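The file start39.txt comes next; it holds compact mmCIF, C-alpha atoms.
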```txt
# COMPACT_ATOMS: atom_id res chain seq x y z
CA MET L 1 -3.65 -43.61 46.12
CA LYS L 2 -1.60 -43.03 42.97
CA LYS L 3 -4.80 -42.91 40.89
CA LEU L 4 -6.31 -40.39 43.32
CA VAL L 5 -3.24 -38.12 43.05
CA LEU L 6 -3.39 -38.28 39.25
CA ALA L 7 -7.10 -37.49 39.26
CA LEU L 8 -6.57 -34.49 41.55
CA ALA L 9 -3.71 -33.28 39.34
CA ALA L 10 -5.94 -33.50 36.27
CA ILE L 11 -8.70 -31.53 38.00
CA LEU L 12 -6.18 -28.87 39.09
CA ALA L 13 -4.83 -28.59 35.55
CA MET L 14 -8.32 -28.12 34.14
CA SER L 15 -9.09 -25.48 36.76
CA LEU L 16 -5.95 -23.56 35.85
CA LEU L 17 -6.89 -23.78 32.18
CA VAL L 18 -10.33 -22.35 32.86
CA VAL L 19 -8.87 -19.55 35.00
CA GLY L 20 -6.30 -18.85 32.32
CA CYS L 21 -8.95 -18.60 29.61
CA GLY L 22 -11.03 -16.32 31.82
CA GLY L 23 -8.01 -14.11 32.32
CA ASN L 24 -7.53 -13.73 28.59
CA LYS L 25 -11.14 -12.73 28.13
CA SER L 26 -10.98 -10.13 30.88
CA SER L 27 -7.94 -8.53 29.23
CA VAL L 28 -9.92 -7.72 26.07
CA LYS L 29 -10.99 -4.08 26.04
CA THR L 30 -14.29 -3.05 24.47
CA VAL L 31 -14.61 0.24 22.59
CA LYS L 32 -18.14 1.39 21.80
CA VAL L 33 -18.41 3.71 18.81
CA GLY L 34 -21.64 5.33 17.66
CA ALA L 35 -21.99 5.77 13.91
CA THR L 36 -24.46 6.37 11.13
CA ALA L 37 -24.84 3.36 8.85
CA VAL L 38 -23.27 4.56 5.59
CA PRO L 39 -20.38 5.04 5.24
CA HIS L 40 -19.28 5.34 8.86
CA ALA L 41 -20.37 1.96 10.23
CA GLU L 42 -19.18 0.27 7.03
CA ILE L 43 -15.73 1.81 7.44
CA LEU L 44 -15.58 0.74 11.07
CA GLU L 45 -16.42 -2.84 10.09
CA VAL L 46 -13.19 -2.91 8.05
CA VAL L 47 -11.05 -2.25 11.14
CA LYS L 48 -12.82 -4.66 13.49
CA PRO L 49 -10.43 -7.61 12.88
CA VAL L 50 -7.39 -5.30 13.08
CA LEU L 51 -8.41 -4.09 16.52
CA GLU L 52 -9.35 -7.61 17.61
CA ASN L 53 -5.75 -8.68 16.96
CA GLU L 54 -4.69 -5.94 19.37
CA GLY L 55 -7.03 -7.14 22.11
CA ILE L 56 -9.71 -4.53 21.43
CA LYS L 57 -13.32 -5.47 20.73
CA LEU L 58 -14.99 -2.83 18.57
CA GLU L 59 -18.72 -2.51 19.21
CA ILE L 60 -20.51 -0.41 16.60
CA ILE L 61 -23.81 1.19 17.65
CA GLU L 62 -25.79 2.62 14.73
CA PHE L 63 -27.78 5.86 14.89
CA ASN L 64 -29.99 7.53 12.30
CA ASP L 65 -29.89 11.09 13.64
CA TYR L 66 -27.29 13.78 14.33
CA VAL L 67 -28.08 14.57 17.97
CA GLN L 68 -28.24 11.38 20.00
CA PRO L 69 -24.70 10.16 19.17
CA ASN L 70 -23.17 13.23 20.82
CA LEU L 71 -25.48 13.06 23.83
CA SER L 72 -24.69 9.36 24.28
CA LEU L 73 -20.97 10.07 24.02
CA ASN L 74 -21.17 12.80 26.61
CA ASP L 75 -23.16 10.50 28.93
CA LYS L 76 -20.40 7.84 28.65
CA GLU L 77 -22.66 5.38 26.86
CA LEU L 78 -20.10 5.49 24.03
CA ASP L 79 -16.32 5.80 23.91
CA ALA L 80 -16.37 7.68 20.60
CA ASN L 81 -18.63 8.52 17.70
CA PHE L 82 -18.14 8.77 13.96
CA PHE L 83 -20.84 10.58 11.99
CA GLN L 84 -20.21 14.32 11.94
CA HIS L 85 -17.87 16.97 10.58
CA LYS L 86 -15.91 19.44 12.69
CA PRO L 87 -18.14 22.52 12.08
CA TYR L 88 -21.16 20.50 13.24
CA LEU L 89 -19.36 19.37 16.40
CA ASP L 90 -18.21 22.90 17.16
CA ASN L 91 -21.74 24.21 16.78
CA PHE L 92 -23.20 21.36 18.86
CA VAL L 93 -20.78 22.01 21.73
CA GLU L 94 -21.57 25.72 21.56
CA GLU L 95 -25.28 24.99 21.88
CA HIS L 96 -24.85 22.25 24.51
CA LYS L 97 -22.45 23.74 27.03
CA GLU L 98 -22.73 20.63 29.20
CA CYS L 99 -21.16 18.48 26.47
CA LYS L 100 -17.36 18.39 26.63
CA LEU L 101 -16.49 16.79 23.31
CA ALA L 102 -13.52 17.10 20.98
CA SER L 103 -12.29 15.91 17.61
CA ALA L 104 -9.72 13.11 17.85
CA ALA L 105 -9.00 12.76 14.12
CA GLY L 106 -10.25 13.63 10.65
CA ILE L 107 -11.17 10.66 8.43
CA HIS L 108 -13.03 11.55 5.24
CA ILE L 109 -15.10 14.07 3.31
CA GLU L 110 -18.61 13.36 2.02
CA PRO L 111 -19.37 15.93 -0.69
CA MET L 112 -22.94 17.24 -0.28
CA GLY L 113 -25.09 16.97 -3.40
CA ILE L 114 -28.26 18.41 -4.91
CA TYR L 115 -30.71 15.72 -6.09
CA SER L 116 -33.99 15.79 -7.94
CA HIS L 117 -36.53 13.42 -9.45
CA LYS L 118 -38.07 16.27 -11.46
CA ILE L 119 -35.25 18.16 -13.13
CA LYS L 120 -31.92 17.32 -14.74
CA LYS L 121 -30.26 20.74 -14.34
CA LEU L 122 -30.58 23.50 -11.78
CA ASP L 123 -31.62 26.08 -14.37
CA GLU L 124 -34.76 23.96 -14.87
CA LEU L 125 -35.99 24.89 -11.38
CA LYS L 126 -39.42 26.44 -11.84
CA ASN L 127 -40.50 29.76 -10.41
CA GLY L 128 -41.94 29.17 -6.93
CA GLY L 129 -40.38 25.72 -6.68
CA ILE L 130 -39.47 23.98 -3.42
CA VAL L 131 -35.91 23.13 -2.41
CA ALA L 132 -35.34 21.06 0.74
CA ILE L 133 -32.22 21.44 2.89
CA PRO L 134 -31.06 19.90 6.20
CA SER L 135 -32.66 21.51 9.23
CA ASP L 136 -29.65 21.13 11.52
CA PRO L 137 -27.16 23.97 12.03
CA THR L 138 -24.04 23.99 9.79
CA ASN L 139 -25.47 21.42 7.37
CA GLY L 140 -28.29 23.82 6.57
CA GLY L 141 -25.79 26.62 6.08
CA ARG L 142 -23.57 24.33 4.06
CA ALA L 143 -26.51 23.56 1.76
CA LEU L 144 -27.25 27.25 1.31
CA LEU L 145 -23.62 27.91 0.43
CA LEU L 146 -23.82 25.19 -2.23
CA LEU L 147 -26.97 26.78 -3.67
CA GLU L 148 -25.19 30.12 -3.76
CA LYS L 149 -22.13 28.64 -5.45
CA GLN L 150 -24.43 27.17 -8.10
CA GLY L 151 -26.02 30.59 -8.70
CA VAL L 152 -29.46 29.62 -7.42
CA ILE L 153 -29.57 32.16 -4.56
CA LYS L 154 -27.40 34.88 -3.09
CA LEU L 155 -26.57 35.17 0.61
CA LYS L 156 -25.66 38.29 2.51
CA ASP L 157 -21.99 39.25 2.56
CA GLY L 158 -19.93 37.26 5.04
CA ALA L 159 -22.37 34.33 5.24
CA ASN L 160 -20.72 31.08 6.34
CA GLU L 161 -21.74 27.56 7.39
CA LYS L 162 -24.01 29.08 10.04
CA ALA L 163 -26.13 30.80 7.40
CA THR L 164 -29.90 30.39 7.63
CA VAL L 165 -32.74 31.04 5.20
CA GLN L 166 -32.99 34.53 6.72
CA ASP L 167 -29.57 35.27 5.19
CA ILE L 168 -30.90 34.88 1.62
CA VAL L 169 -30.81 38.32 0.00
CA GLU L 170 -31.55 37.29 -3.59
CA ASN L 171 -33.94 34.57 -4.73
CA LYS L 172 -34.84 35.32 -8.35
CA LYS L 173 -37.06 32.25 -8.78
CA ASN L 174 -38.92 32.84 -5.52
CA LEU L 175 -37.98 29.38 -4.33
CA THR L 176 -39.33 28.06 -1.05
CA VAL L 177 -36.41 26.69 0.96
CA ARG L 178 -37.85 24.04 3.26
CA GLU L 179 -35.81 22.84 6.26
CA ILE L 180 -36.18 19.10 6.95
CA GLU L 181 -34.34 16.65 9.21
CA ALA L 182 -31.28 15.45 7.30
CA ALA L 183 -32.14 11.73 7.52
CA GLN L 184 -35.60 12.36 6.02
CA LEU L 185 -34.44 14.33 2.98
CA PRO L 186 -34.23 11.37 0.55
CA ARG L 187 -37.92 10.68 1.20
CA THR L 188 -38.88 14.19 0.08
CA LEU L 189 -37.67 13.80 -3.50
CA GLU L 190 -41.15 12.95 -4.81
CA ASP L 191 -42.61 16.07 -3.18
CA VAL L 192 -40.00 18.78 -3.77
CA ASP L 193 -38.24 20.10 -6.86
CA ALA L 194 -34.79 19.44 -5.41
CA ALA L 195 -33.21 18.36 -2.14
CA ILE L 196 -29.71 18.88 -0.81
CA ILE L 197 -28.65 15.66 0.88
CA ASN L 198 -25.62 14.56 2.86
CA SER L 199 -23.81 11.74 1.07
CA ASN L 200 -24.27 9.26 3.91
CA PHE L 201 -28.06 9.52 3.71
CA ALA L 202 -28.02 9.62 -0.10
CA MET L 203 -26.08 6.37 -0.27
CA GLN L 204 -28.51 4.67 2.11
CA VAL L 205 -31.18 4.94 -0.59
CA ASP L 206 -28.81 3.90 -3.40
CA LEU L 207 -28.16 7.40 -4.68
CA VAL L 208 -24.57 7.65 -5.92
CA PRO L 209 -23.47 11.28 -5.44
CA THR L 210 -21.03 11.32 -8.35
CA ARG L 211 -23.66 9.78 -10.65
CA ASP L 212 -27.04 11.01 -9.42
CA ALA L 213 -26.43 14.50 -8.03
CA ILE L 214 -27.19 17.37 -10.42
CA ALA L 215 -24.61 19.44 -8.51
CA ILE L 216 -22.05 18.47 -5.89
CA GLU L 217 -19.43 20.04 -3.64
CA GLY L 218 -15.84 19.91 -4.81
CA ASN L 219 -13.15 17.80 -3.14
CA ASP L 220 -11.89 20.95 -1.43
CA SER L 221 -14.82 20.86 0.98
CA PRO L 222 -13.73 21.81 4.53
CA TYR L 223 -16.31 19.48 6.07
CA VAL L 224 -14.07 16.61 7.16
CA ASN L 225 -15.89 13.84 9.03
CA ILE L 226 -14.21 13.13 12.36
CA ILE L 227 -13.95 10.64 15.18
CA ALA L 228 -15.16 12.51 18.25
CA VAL L 229 -14.44 11.68 21.88
CA ARG L 230 -14.98 13.20 25.29
CA THR L 231 -12.46 15.96 25.94
CA GLY L 232 -9.41 14.40 27.57
CA ASP L 233 -9.89 10.96 26.02
CA GLU L 234 -7.87 11.76 22.89
CA ASN L 235 -4.80 10.00 24.29
CA ARG L 236 -6.48 6.85 25.58
CA SER L 237 -4.63 3.86 24.18
CA GLU L 238 -7.81 2.31 22.76
CA ILE L 239 -8.74 5.56 20.99
CA LYS L 240 -5.25 5.89 19.53
CA ALA L 241 -5.46 2.30 18.28
CA LEU L 242 -8.88 3.00 16.74
CA ILE L 243 -7.61 6.08 14.90
CA LYS L 244 -4.48 4.31 13.67
CA ALA L 245 -6.62 1.50 12.27
CA VAL L 246 -9.12 3.83 10.59
CA GLN L 247 -6.37 6.00 9.09
CA SER L 248 -4.63 3.00 7.50
CA ASP L 249 -3.83 2.36 3.85
CA ALA L 250 -6.32 -0.52 3.90
CA VAL L 251 -9.17 1.80 4.87
CA LYS L 252 -8.10 4.40 2.31
CA LYS L 253 -8.21 1.71 -0.39
CA PHE L 254 -11.61 0.50 0.86
CA ILE L 255 -13.05 4.03 0.70
CA GLU L 256 -11.70 4.72 -2.77
CA GLU L 257 -12.85 1.41 -4.23
CA LYS L 258 -16.27 1.17 -2.58
CA TYR L 259 -17.52 4.75 -2.76
CA LYS L 260 -15.86 5.86 -6.01
CA GLY L 261 -15.57 9.55 -5.16
CA ALA L 262 -18.75 9.83 -3.09
CA VAL L 263 -16.52 9.57 -0.01
CA VAL L 264 -13.01 11.00 -0.14
CA PRO L 265 -10.22 10.05 2.32
CA ALA L 266 -8.91 13.04 4.28
CA PHE L 267 -5.78 11.45 5.73
```
Take the structure I supplied and represent it as structure tokens, if you would.
Amino acid sequence: MKKLVLALAAILAMSLLVVGCGGNKSSVKTVKVGATAVPHAEILEVVKPVLENEGIKLEIIEFNDYVQPNLSLNDKELDANFFQHKPYLDNFVEEHKECKLASAAGIHIEPMGIYSHKIKKLDELKNGGIVAIPSDPTNGGRALLLLEKQGVIKLKDGANEKATVQDIVENKKNLTVREIEAAQLPRTLEDVDAAIINSNFAMQVDLVPTRDAIAIEGNDSPYVNIIAVRTGDENRSEIKALIKAVQSDAVKKFIEEKYKGAVVPAF
């Protein structure tokens, strides 16, 4: 009888242990964040263990376009995304009234650069040459503003990040400005005279903006990359923990050491 009681006690103890372990697992919260690979997903990888210590499992879902991450966030397939700057988000929400998205925090700036495999300086652009820019709103306008700042073209008065090729009022070299999906721009460098590429896509093909760009935006660029969430989720405890981790000194040091000016902390 005594042996039976001891055996039952041992079984009960093991059962409680299993239940206890199950309880710990169920208390872990999962946060799904959509991101483009470089530098966004790389930055998020840095904070994974920090969040894990707080009982939050960070699941990073990579995208290679600028539309699906916002649609997935709006459809609750994601808890947040990290790939875009505020002007792009504002424009996206304006064009997709059904999407109720908001910026939760600014993280970094990726200076946009002009790249070429055919010229070393912009004044070497030939008459009738081809310059490729991002086809999406705001990034296309941003590229045109960079061309204007470099003296390549002139835009109509008052042109901003929403500028389009129709806003070009002076084009002395009769350049063809070709609009191409942002992620595909690095692949065009063999076919065009120059391409204006977002830093995240440039770095994916081992282009270092501060080394390889023949012209680049200054550090005063207003295009701060953000963590976006559904409107109303800004104060969720998991989102606050995510932002705190990403805006840490450790992440700032990681950005400065890894990207060497191609990505600039904005916090």
Hey, what's within 8 Å of region 218-233 of chain L if we count only C-alpha atoms and toss same-chain stuff fewer than 2 positions away? As a PyMOL selection string, please? chain L and resi 73-74+79-87+100-111+216+235-236+239+243+264+266
Region 176-193 of chain L environment, 10 Å, all atoms listed in the file, sequence neighbours closer than 5 positions dropped, as a CSV table (one decimal) with C-alpha atoms, in the coordinates of the input:
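Saved the output as result_26.csv:
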```
chain,number,residue,atom,x,y,z
L,64,ASN,CA,-30.0,7.5,12.3
L,65,ASP,CA,-29.9,11.1,13.6
L,66,TYR,CA,-27.3,13.8,14.3
L,115,TYR,CA,-30.7,15.7,-6.1
L,116,SER,CA,-34.0,15.8,-7.9
L,117,HIS,CA,-36.5,13.4,-9.4
L,118,LYS,CA,-38.1,16.3,-11.5
L,119,ILE,CA,-35.2,18.2,-13.1
L,122,LEU,CA,-30.6,23.5,-11.8
L,124,GLU,CA,-34.8,24.0,-14.9
L,125,LEU,CA,-36.0,24.9,-11.4
L,126,LYS,CA,-39.4,26.4,-11.8
L,127,ASN,CA,-40.5,29.8,-10.4
L,128,GLY,CA,-41.9,29.2,-6.9
L,129,GLY,CA,-40.4,25.7,-6.7
L,130,ILE,CA,-39.5,24.0,-3.4
L,131,VAL,CA,-35.9,23.1,-2.4
L,132,ALA,CA,-35.3,21.1,0.7
L,133,ILE,CA,-32.2,21.4,2.9
L,134,PRO,CA,-31.1,19.9,6.2
L,135,SER,CA,-32.7,21.5,9.2
L,136,ASP,CA,-29.6,21.1,11.5
L,139,ASN,CA,-25.5,21.4,7.4
L,140,GLY,CA,-28.3,23.8,6.6
L,144,LEU,CA,-27.2,27.2,1.3
L,164,THR,CA,-29.9,30.4,7.6
L,165,VAL,CA,-32.7,31.0,5.2
L,168,ILE,CA,-30.9,34.9,1.6
L,171,ASN,CA,-33.9,34.6,-4.7
L,198,ASN,CA,-25.6,14.6,2.9
L,200,ASN,CA,-24.3,9.3,3.9
L,201,PHE,CA,-28.1,9.5,3.7
L,202,ALA,CA,-28.0,9.6,-0.1
L,203,MET,CA,-26.1,6.4,-0.3
L,204,GLN,CA,-28.5,4.7,2.1
L,205,VAL,CA,-31.2,4.9,-0.6
L,207,LEU,CA,-28.2,7.4,-4.7
```
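The smallest atom-to-atom distance between Ile114 (chain L) and any of L:Glu217, L:Asp249, L:Glu234, L:Asp75, using all atoms listed in the file, is found for L:Glu217.
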Contacts of Lys258 (chain L) within 10 Å, only C-alpha atoms, excl. fewer than 5 positions in-chain, as a VMD selection string: chain L and resid 39 253 263
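Among the candidate residues L:Thr210, L:Pro69, L:Asp157, L:Pro49, the one lying nearest to Phe92 (chain L) is L:Pro69, with distances computed using all atoms listed in the file.
Atom pair CA of Lys156 (chain L) / CA of Leu175 (chain L): separated by 16.7 Å.
The two atoms in question, CA of Val251 (chain L) and CA of Leu146 (chain L), are spaced 28.5 Å apart.
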As an exercise, work out the distance from CA of Asn53 (chain L) to CA of Ala245 (chain L) in Å and give it to one decimal place. 11.2 Å
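Ranking L:Leu51, L:Leu145, L:Val67, L:Ile214 by their shortest atom-to-atom distance to Gly158 (chain L), with all atoms listed in the file included, puts L:Leu145 first.
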Quick one: region 76-117 of chain L with N, CA and C atoms, as a CSV table (one decimal), in the first residue's frame?
```csv
chain,number,residue,atom,x,y,z
L,76,LYS,N,-4.7,42.1,-40.0
L,76,LYS,CA,-4.4,41.4,-38.7
L,76,LYS,C,-3.6,40.2,-38.9
L,77,GLU,N,-2.9,40.0,-40.0
L,77,GLU,CA,-1.9,38.9,-40.1
L,77,GLU,C,-0.6,39.3,-39.5
L,78,LEU,N,-0.4,40.6,-39.2
L,78,LEU,CA,0.8,41.1,-38.5
L,78,LEU,C,0.3,41.9,-37.3
L,79,ASP,N,1.2,42.1,-36.4
L,79,ASP,CA,1.0,43.0,-35.3
L,79,ASP,C,1.6,44.4,-35.5
L,80,ALA,N,2.6,44.4,-36.4
L,80,ALA,CA,3.3,45.6,-36.7
L,80,ALA,C,4.1,45.4,-38.0
L,81,ASN,N,4.6,46.5,-38.6
L,81,ASN,CA,5.5,46.3,-39.7
L,81,ASN,C,6.6,47.3,-39.6
L,82,PHE,N,7.7,47.1,-40.3
L,82,PHE,CA,8.9,47.9,-40.2
L,82,PHE,C,9.6,47.9,-41.5
L,83,PHE,N,9.3,48.8,-42.4
L,83,PHE,CA,9.9,48.9,-43.7
L,83,PHE,C,9.8,50.2,-44.4
L,84,GLN,N,8.9,51.1,-43.9
L,84,GLN,CA,8.6,52.3,-44.6
L,84,GLN,C,8.8,53.6,-43.8
L,85,HIS,N,8.8,54.7,-44.5
L,85,HIS,CA,8.9,56.0,-43.8
L,85,HIS,C,7.5,56.6,-43.7
L,86,LYS,N,7.4,57.7,-42.9
L,86,LYS,CA,6.1,58.2,-42.6
L,86,LYS,C,5.4,58.8,-43.8
L,87,PRO,N,6.1,59.6,-44.7
L,87,PRO,CA,5.4,60.0,-45.9
L,87,PRO,C,4.8,58.9,-46.7
L,88,TYR,N,5.5,57.8,-46.8
L,88,TYR,CA,5.0,56.7,-47.6
L,88,TYR,C,3.7,56.1,-46.9
L,89,LEU,N,3.7,56.0,-45.6
L,89,LEU,CA,2.6,55.5,-44.8
L,89,LEU,C,1.4,56.4,-45.0
L,90,ASP,N,1.6,57.7,-44.9
L,90,ASP,CA,0.6,58.7,-45.0
L,90,ASP,C,-0.1,58.6,-46.4
L,91,ASN,N,0.8,58.5,-47.4
L,91,ASN,CA,0.2,58.4,-48.8
L,91,ASN,C,-0.5,57.1,-49.0
L,92,PHE,N,0.0,56.0,-48.4
L,92,PHE,CA,-0.7,54.7,-48.5
L,92,PHE,C,-2.1,54.7,-47.9
L,93,VAL,N,-2.2,55.3,-46.7
L,93,VAL,CA,-3.4,55.4,-46.0
L,93,VAL,C,-4.4,56.3,-46.8
L,94,GLU,N,-3.9,57.3,-47.4
L,94,GLU,CA,-4.7,58.2,-48.2
L,94,GLU,C,-5.3,57.5,-49.4
L,95,GLU,N,-4.5,56.6,-50.0
L,95,GLU,CA,-5.0,55.8,-51.2
L,95,GLU,C,-5.8,54.6,-50.8
L,96,HIS,N,-5.6,54.1,-49.6
L,96,HIS,CA,-6.3,52.9,-49.2
L,96,HIS,C,-7.1,53.3,-47.9
L,97,LYS,N,-8.3,53.9,-48.2
L,97,LYS,CA,-9.1,54.4,-47.0
L,97,LYS,C,-9.5,53.3,-46.0
L,98,GLU,N,-9.5,52.0,-46.5
L,98,GLU,CA,-9.9,51.0,-45.6
L,98,GLU,C,-8.8,50.6,-44.6
L,99,CYS,N,-7.6,51.1,-44.8
L,99,CYS,CA,-6.5,50.7,-44.0
L,99,CYS,C,-6.3,51.8,-42.9
L,100,LYS,N,-6.5,51.4,-41.6
L,100,LYS,CA,-6.4,52.3,-40.5
L,100,LYS,C,-5.1,52.0,-39.8
L,101,LEU,N,-4.0,52.6,-40.3
L,101,LEU,CA,-2.7,52.4,-39.8
L,101,LEU,C,-2.1,53.6,-39.3
L,102,ALA,N,-1.1,53.5,-38.3
L,102,ALA,CA,-0.5,54.7,-37.7
L,102,ALA,C,1.0,54.4,-37.4
L,103,SER,N,1.8,55.4,-37.3
L,103,SER,CA,3.2,55.3,-36.9
L,103,SER,C,3.2,55.2,-35.4
L,104,ALA,N,4.0,54.2,-34.9
L,104,ALA,CA,4.1,54.0,-33.5
L,104,ALA,C,5.4,54.6,-33.0
L,105,ALA,N,6.5,54.7,-33.9
L,105,ALA,CA,7.8,55.2,-33.5
L,105,ALA,C,8.7,55.3,-34.7
L,106,GLY,N,9.5,56.3,-34.7
L,106,GLY,CA,10.6,56.5,-35.7
L,106,GLY,C,11.8,55.8,-35.2
L,107,ILE,N,12.5,55.1,-36.2
L,107,ILE,CA,13.7,54.3,-35.8
L,107,ILE,C,15.0,54.8,-36.5
L,108,HIS,N,14.9,54.9,-37.8
L,108,HIS,CA,16.2,55.3,-38.5
L,108,HIS,C,15.9,55.9,-39.9
L,109,ILE,N,17.0,56.5,-40.4
L,109,ILE,CA,16.9,57.1,-41.8
L,109,ILE,C,17.8,56.3,-42.7
L,110,GLU,N,17.3,56.0,-43.9
L,110,GLU,CA,18.2,55.4,-44.9
L,110,GLU,C,18.3,56.4,-46.1
L,111,PRO,N,19.5,57.1,-46.1
L,111,PRO,CA,19.6,58.1,-47.2
L,111,PRO,C,19.5,57.4,-48.6
L,112,MET,N,18.7,58.0,-49.4
L,112,MET,CA,18.6,57.5,-50.8
L,112,MET,C,19.8,57.9,-51.6
L,113,GLY,N,20.2,57.0,-52.5
L,113,GLY,CA,21.4,57.3,-53.3
L,113,GLY,C,21.2,57.1,-54.8
L,114,ILE,N,22.1,57.8,-55.5
L,114,ILE,CA,22.1,57.6,-57.0
L,114,ILE,C,23.3,56.7,-57.3
L,115,TYR,N,23.0,55.6,-58.1
L,115,TYR,CA,24.1,54.6,-58.4
L,115,TYR,C,24.2,54.5,-59.9
L,116,SER,N,25.4,54.1,-60.3
L,116,SER,CA,25.6,53.9,-61.8
L,116,SER,C,26.8,52.9,-62.0
L,117,HIS,N,26.6,52.1,-63.0
L,117,HIS,CA,27.7,51.2,-63.4
L,117,HIS,C,28.4,51.8,-64.7
```
